[in-house]
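What follows is model_0.cif (mmCIF, C-alpha atoms and all ligand atoms).
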data_start
loop_
_atom_site.group_PDB
_atom_site.id
_atom_site.type_symbol
_atom_site.label_atom_id
_atom_site.label_comp_id
_atom_site.auth_asym_id
_atom_site.auth_seq_id
_atom_site.Cartn_x
_atom_site.Cartn_y
_atom_site.Cartn_z
ATOM 1 C CA MET A 1 88.843 -79.556 278.677
ATOM 2 C CA LYS A 2 86.685 -76.709 279.935
ATOM 3 C CA GLU A 3 84.619 -74.647 277.525
ATOM 4 C CA ILE A 4 84.393 -70.872 277.977
ATOM 5 C CA THR A 5 82.797 -68.235 275.786
ATOM 6 C CA ILE A 6 84.737 -65.126 274.717
ATOM 7 C CA TYR A 7 83.043 -62.102 273.207
ATOM 8 C CA VAL A 8 85.236 -59.865 271.042
ATOM 9 C CA PRO A 9 84.442 -56.689 269.087
ATOM 10 C CA ASP A 10 83.522 -57.278 265.440
ATOM 11 C CA ASP A 11 86.826 -55.799 264.241
ATOM 12 C CA TYR A 12 88.752 -58.519 266.073
ATOM 13 C CA GLU A 13 86.858 -61.483 264.699
ATOM 14 C CA ASN A 14 89.620 -62.280 262.184
ATOM 15 C CA GLN A 15 92.596 -61.238 264.294
ATOM 16 C CA VAL A 16 94.936 -63.495 266.246
ATOM 17 C CA ILE A 17 93.335 -64.185 269.631
ATOM 18 C CA SER A 18 95.506 -65.470 272.492
ATOM 19 C CA VAL A 19 94.130 -66.675 275.817
ATOM 20 C CA ILE A 20 96.709 -66.512 278.600
ATOM 21 C CA SER A 21 96.301 -67.964 282.075
ATOM 22 C CA GLY A 22 98.975 -66.528 284.366
ATOM 23 C CA ILE A 23 101.997 -66.717 282.054
ATOM 24 C CA THR A 24 100.767 -69.688 280.044
ATOM 25 C CA LEU A 25 99.260 -69.503 276.590
ATOM 26 C CA VAL A 26 96.349 -71.900 277.013
ATOM 27 C CA ALA A 27 94.524 -71.263 273.751
ATOM 28 C CA ARG A 28 95.169 -69.490 270.495
ATOM 29 C CA LYS A 29 93.368 -68.824 267.259
ATOM 30 C CA ASN A 30 95.044 -67.432 264.159
ATOM 31 C CA SER A 31 93.167 -65.500 261.521
ATOM 32 C CA GLY A 32 90.797 -67.872 259.750
ATOM 33 C CA SER A 33 92.004 -70.939 261.642
ATOM 34 C CA ASN A 34 90.522 -73.238 264.238
ATOM 35 C CA TRP A 35 91.415 -72.861 267.901
ATOM 36 C CA PHE A 36 94.538 -74.535 269.286
ATOM 37 C CA ILE A 37 94.316 -75.662 272.919
ATOM 38 C CA LEU A 38 97.243 -76.398 275.223
ATOM 39 C CA LYS A 39 97.626 -80.155 275.525
ATOM 40 C CA GLU A 40 101.075 -80.632 277.100
ATOM 41 C CA PRO A 41 102.558 -77.928 279.375
ATOM 42 C CA CYS A 42 106.054 -76.493 279.630
ATOM 43 C CA ASN A 43 108.506 -78.774 281.428
ATOM 44 C CA ARG A 44 110.590 -75.741 282.479
ATOM 45 C CA CYS A 45 113.719 -76.971 280.702
ATOM 46 C CA GLY A 46 114.715 -73.350 280.068
ATOM 47 C CA GLU A 47 116.097 -74.032 276.598
ATOM 48 C CA CYS A 48 114.040 -71.343 274.874
ATOM 49 C CA CYS A 49 115.606 -68.761 277.205
ATOM 50 C CA LYS A 50 119.137 -70.055 276.648
ATOM 51 C CA GLN A 51 119.129 -69.877 272.878
ATOM 52 C CA PHE A 52 117.340 -66.717 271.995
ATOM 53 C CA ASP A 53 118.322 -63.905 269.706
ATOM 54 C CA SER A 54 119.049 -61.387 272.493
ATOM 55 C CA PHE A 55 115.839 -59.462 271.793
ATOM 56 C CA PRO A 56 114.490 -57.772 273.871
ATOM 57 C CA PHE A 57 117.322 -58.292 276.386
ATOM 58 C CA GLN A 58 121.058 -58.588 276.099
ATOM 59 C CA CYS A 59 122.302 -62.134 276.722
ATOM 60 C CA ASP A 60 124.529 -62.795 279.708
ATOM 61 C CA GLU A 61 128.022 -64.258 279.356
ATOM 62 C CA LYS A 62 126.548 -67.751 278.802
ATOM 63 C CA GLY A 63 124.260 -66.515 276.037
ATOM 64 C CA TRP A 64 121.211 -66.877 278.262
ATOM 65 C CA CYS A 65 118.530 -64.336 278.937
ATOM 66 C CA PRO A 66 119.570 -62.529 282.129
ATOM 67 C CA TYR A 67 116.129 -63.155 283.645
ATOM 68 C CA LEU A 68 116.418 -66.928 283.498
ATOM 69 C CA GLU A 69 116.608 -68.376 286.995
ATOM 70 C CA GLU A 70 118.160 -71.806 287.457
ATOM 71 C CA PHE A 71 117.081 -74.201 290.166
ATOM 72 C CA GLY A 72 119.211 -77.078 291.383
ATOM 73 C CA ASP A 73 116.892 -79.758 290.038
ATOM 74 C CA GLY A 74 117.395 -78.942 286.345
ATOM 75 C CA THR A 75 114.351 -76.711 286.026
ATOM 76 C CA TYR A 76 114.238 -72.987 285.281
ATOM 77 C CA GLU A 77 111.896 -70.094 285.744
ATOM 78 C CA CYS A 78 111.599 -66.557 284.454
ATOM 79 C CA LYS A 79 112.441 -64.047 287.181
ATOM 80 C CA LEU A 80 110.033 -61.581 285.592
ATOM 81 C CA GLY A 81 107.065 -63.786 286.464
ATOM 82 C CA ALA A 82 103.830 -62.186 285.343
ATOM 83 C CA TYR A 83 105.832 -59.269 283.890
ATOM 84 C CA ARG A 84 107.660 -61.308 281.291
ATOM 85 C CA PRO A 85 107.185 -60.078 277.709
ATOM 86 C CA LEU A 86 104.101 -61.202 275.844
ATOM 87 C CA GLY A 87 106.359 -62.643 273.150
ATOM 88 C CA CYS A 88 107.877 -65.050 275.671
ATOM 89 C CA CYS A 89 104.390 -66.373 276.403
ATOM 90 C CA CYS A 90 103.129 -66.547 272.830
ATOM 91 C CA ASP A 91 106.056 -67.013 270.462
ATOM 92 C CA ASN A 92 106.125 -70.695 269.604
ATOM 93 C CA VAL A 93 108.967 -70.117 267.162
ATOM 94 C CA LYS A 94 111.382 -69.605 270.036
ATOM 95 C CA ARG A 95 110.671 -73.020 271.495
ATOM 96 C CA ILE A 96 113.335 -75.612 270.859
ATOM 97 C CA PRO A 97 111.601 -78.725 269.497
ATOM 98 C CA LYS A 98 114.312 -81.106 270.722
ATOM 99 C CA PHE A 99 113.597 -80.132 274.342
ATOM 100 C CA CYS A 100 110.230 -78.453 274.319
ATOM 101 C CA SER A 101 107.334 -80.369 275.813
ATOM 102 C CA VAL A 102 104.670 -77.811 274.930
ATOM 103 C CA ARG A 103 102.023 -79.158 272.581
ATOM 104 C CA TYR A 104 98.774 -77.712 271.274
ATOM 105 C CA GLU A 105 95.819 -79.602 269.931
ATOM 106 C CA GLU A 106 93.721 -78.199 267.124
ATOM 107 C CA ILE A 107 90.032 -78.435 267.781
ATOM 108 C CA ASN A 108 87.426 -78.263 265.090
ATOM 109 C CA ARG A 109 86.042 -74.895 266.208
ATOM 110 C CA CYS A 110 86.627 -71.369 264.861
HETATM 111 S S1 LIG A 201 112.205 -62.797 279.804
HETATM 112 FE FE1 LIG A 201 111.864 -64.683 280.907
HETATM 113 S S2 LIG A 201 110.664 -65.977 279.517
HETATM 114 FE FE2 LIG A 201 111.571 -64.297 278.303
HETATM 115 S S3 LIG A 201 113.504 -65.124 277.495
HETATM 116 FE FE3 LIG A 201 113.976 -64.099 279.453
HETATM 117 S S4 LIG A 201 113.846 -65.710 281.029
HETATM 118 FE FE4 LIG A 201 112.839 -66.451 279.184
HETATM 119 S S1 LIG A 202 111.727 -74.991 275.475
HETATM 120 FE FE1 LIG A 202 109.557 -75.433 275.849
HETATM 121 S S2 LIG A 202 109.525 -76.791 277.645
HETATM 122 FE FE2 LIG A 202 111.519 -75.749 277.602
HETATM 123 S S3 LIG A 202 111.224 -73.921 278.898
HETATM 124 FE FE3 LIG A 202 110.860 -73.308 276.757
HETATM 125 S S4 LIG A 202 108.620 -73.525 276.525
HETATM 126 FE FE4 LIG A 202 109.199 -74.696 278.357
#

Render the structure in this file as structure tokens.
Amino acid sequence: MKEITIYVPDDYENQVISVISGITLVARKNSGSNWFILKEPCNRCGECCKQFDSFPFQCDEKGWCPYLEEFGDGTYECKLGAYRPLGCCCDNVKRIPKFCSVRYEEINRC
């Protein structure tokens, strides 16, 4: 784990702070909580893009997000790349626990 220092304006001290590398949420801090650091990355199963509530895009005929790209080896990618919505990077609620490999570790640091 690499330590970096982030300076934020005083008004943001108690706001949610998300640190994104590329399209990956690598660290997050909720108001008043410790930091959570990415421990296990996405395995690109695509499940969170197959079972979503159609917001912000309309689902295709399979019920998948139209920007989900399927590869032959069972992995998926978002066609929007770096332009995918922030919510797709940060919204843990959308992840499907049965499939999702993404894990965060809480560290004793606020
Ligand atoms: S925009 Fe990309 S990341 Fe978001 S649901 Fe669609 S395929 Fe998934
Ligand atoms: S469910 Fe989890 S592991 Fe699968 S694509 Fe979505 S974030 Fe990645």

message: as a count of residues only, please: every protein or nucleic acid residue near ligand LIG 201 (chain A) (cut-off 6 Å, counting only C-alpha atoms and all ligand atoms).
response: 8

Enclosing box along x, y and z for every listed atom of ligand LIG 202 (chain A), padded 8 Å each side, centre and size in Å, one decimal, as JSON:
{"center_x": 110.2, "center_y": -75.0, "center_z": 277.2, "size_x": 19.1, "size_y": 19.5, "size_z": 19.4}

Env. residues ligand LIG 202 (chain A) / 7 Å / all atoms listed in the file / as a PyMOL selection string: chain A and resi 42-49+95-96+99-102

Would you write out, as a PDB file with C-alpha atoms, keeping the file's coordinate frame, every residue that the PyMOL selection byres (((chain A and resi 30) around 7) and not hetatm) captures in this file?
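Saved to out_32.pdb:
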ATOM      1  CA  GLN A  15      92.596 -61.238 264.294  1.00  0.00           C
ATOM      2  CA  VAL A  16      94.936 -63.495 266.246  1.00  0.00           C
ATOM      3  CA  ILE A  17      93.335 -64.185 269.631  1.00  0.00           C
ATOM      4  CA  ARG A  28      95.169 -69.490 270.495  1.00  0.00           C
ATOM      5  CA  LYS A  29      93.368 -68.824 267.259  1.00  0.00           C
ATOM      6  CA  SER A  31      93.167 -65.500 261.521  1.00  0.00           C
ATOM      7  CA  GLY A  32      90.797 -67.872 259.750  1.00  0.00           C
ATOM      8  CA  SER A  33      92.004 -70.939 261.642  1.00  0.00           C
TER       9      SER A  33
END

task: Using atom CA of A:Arg103 and atom CA of A:Phe36 as the two end points, give the distance in Å to one decimal.
output: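 Going from atom CA of A:Arg103 over to atom CA of A:Phe36 covers 9.4 Å.
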
message: Using Å and a single decimal, report how far atom CA of A:Lys50 sits from atom CA of A:Lys62.
response: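 Between atom CA of A:Lys62 and atom CA of A:Lys50 the gap is 8.1 Å.
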
Incomplete stretch 37-58 of chain A brought to N, CA, C and O atoms, written out as a CSV table (one decimal), in the coordinates of the input:
chain,number,residue,atom,x,y,z
A,37,ILE,N,94.4,-75.6,271.5
A,37,ILE,CA,94.3,-75.7,272.9
A,37,ILE,C,95.6,-76.3,273.5
A,37,ILE,O,96.0,-77.3,272.9
A,38,LEU,N,96.1,-75.8,274.6
A,38,LEU,CA,97.2,-76.4,275.2
A,38,LEU,C,96.9,-77.8,275.6
A,38,LEU,O,96.0,-78.1,276.3
A,39,LYS,N,97.8,-78.7,275.2
A,39,LYS,CA,97.6,-80.2,275.5
A,39,LYS,C,98.7,-80.6,276.5
A,39,LYS,O,98.4,-81.4,277.4
A,40,GLU,N,100.0,-80.2,276.2
A,40,GLU,CA,101.1,-80.6,277.1
A,40,GLU,C,101.8,-79.4,277.6
A,40,GLU,O,102.2,-78.6,276.7
A,41,PRO,N,102.0,-79.2,278.9
A,41,PRO,CA,102.6,-77.9,279.4
A,41,PRO,C,104.1,-77.9,279.3
A,41,PRO,O,104.7,-78.9,278.9
A,42,CYS,N,104.6,-76.7,279.6
A,42,CYS,CA,106.1,-76.5,279.6
A,42,CYS,C,106.7,-77.3,280.7
A,42,CYS,O,106.2,-77.4,281.8
A,43,ASN,N,107.8,-78.0,280.4
A,43,ASN,CA,108.5,-78.8,281.4
A,43,ASN,C,109.6,-78.0,282.1
A,43,ASN,O,110.4,-78.5,282.9
A,44,ARG,N,109.7,-76.7,281.8
A,44,ARG,CA,110.6,-75.7,282.5
A,44,ARG,C,112.1,-76.1,282.2
A,44,ARG,O,112.9,-76.0,283.1
A,45,CYS,N,112.3,-76.6,281.0
A,45,CYS,CA,113.7,-77.0,280.7
A,45,CYS,C,114.6,-75.7,280.5
A,45,CYS,O,115.8,-75.8,280.5
A,46,GLY,N,114.0,-74.6,280.2
A,46,GLY,CA,114.7,-73.4,280.1
A,46,GLY,C,115.4,-73.1,278.7
A,46,GLY,O,116.0,-72.1,278.5
A,47,GLU,N,115.3,-74.1,277.8
A,47,GLU,CA,116.1,-74.0,276.6
A,47,GLU,C,115.7,-72.8,275.7
A,47,GLU,O,116.6,-72.2,275.1
A,48,CYS,N,114.4,-72.5,275.7
A,48,CYS,CA,114.0,-71.3,274.9
A,48,CYS,C,114.6,-70.0,275.4
A,48,CYS,O,114.6,-69.0,274.7
A,49,CYS,N,115.0,-70.0,276.6
A,49,CYS,CA,115.6,-68.8,277.2
A,49,CYS,C,117.1,-68.8,277.2
A,49,CYS,O,117.8,-67.8,277.6
A,50,LYS,N,117.7,-69.9,276.7
A,50,LYS,CA,119.1,-70.1,276.6
A,50,LYS,C,119.6,-69.8,275.2
A,50,LYS,O,120.8,-69.6,275.0
A,51,GLN,N,118.7,-70.0,274.3
A,51,GLN,CA,119.1,-69.9,272.9
A,51,GLN,C,118.2,-68.9,272.2
A,51,GLN,O,117.5,-69.2,271.3
A,52,PHE,N,118.2,-67.7,272.6
A,52,PHE,CA,117.3,-66.7,272.0
A,52,PHE,C,118.2,-65.6,271.4
A,52,PHE,O,119.4,-65.6,271.6
A,53,ASP,N,117.6,-64.8,270.6
A,53,ASP,CA,118.3,-63.9,269.7
A,53,ASP,C,118.7,-62.6,270.4
A,53,ASP,O,119.0,-61.6,269.7
A,54,SER,N,118.7,-62.5,271.7
A,54,SER,CA,119.0,-61.4,272.5
A,54,SER,C,118.0,-60.3,272.5
A,54,SER,O,118.1,-59.3,273.3
A,55,PHE,N,116.9,-60.4,271.7
A,55,PHE,CA,115.8,-59.5,271.8
A,55,PHE,C,114.8,-60.0,272.7
A,55,PHE,O,114.4,-61.1,272.6
A,56,PRO,N,114.3,-59.2,273.6
A,56,PRO,CA,114.5,-57.8,273.9
A,56,PRO,C,115.6,-57.5,274.9
A,56,PRO,O,115.9,-56.3,275.2
A,57,PHE,N,116.3,-58.5,275.4
A,57,PHE,CA,117.3,-58.3,276.4
A,57,PHE,C,118.7,-58.7,275.9
A,57,PHE,O,118.8,-59.6,275.0
A,58,GLN,N,119.7,-58.1,276.4
A,58,GLN,CA,121.1,-58.6,276.1
A,58,GLN,C,121.3,-59.9,276.8
A,58,GLN,O,120.9,-60.1,277.9
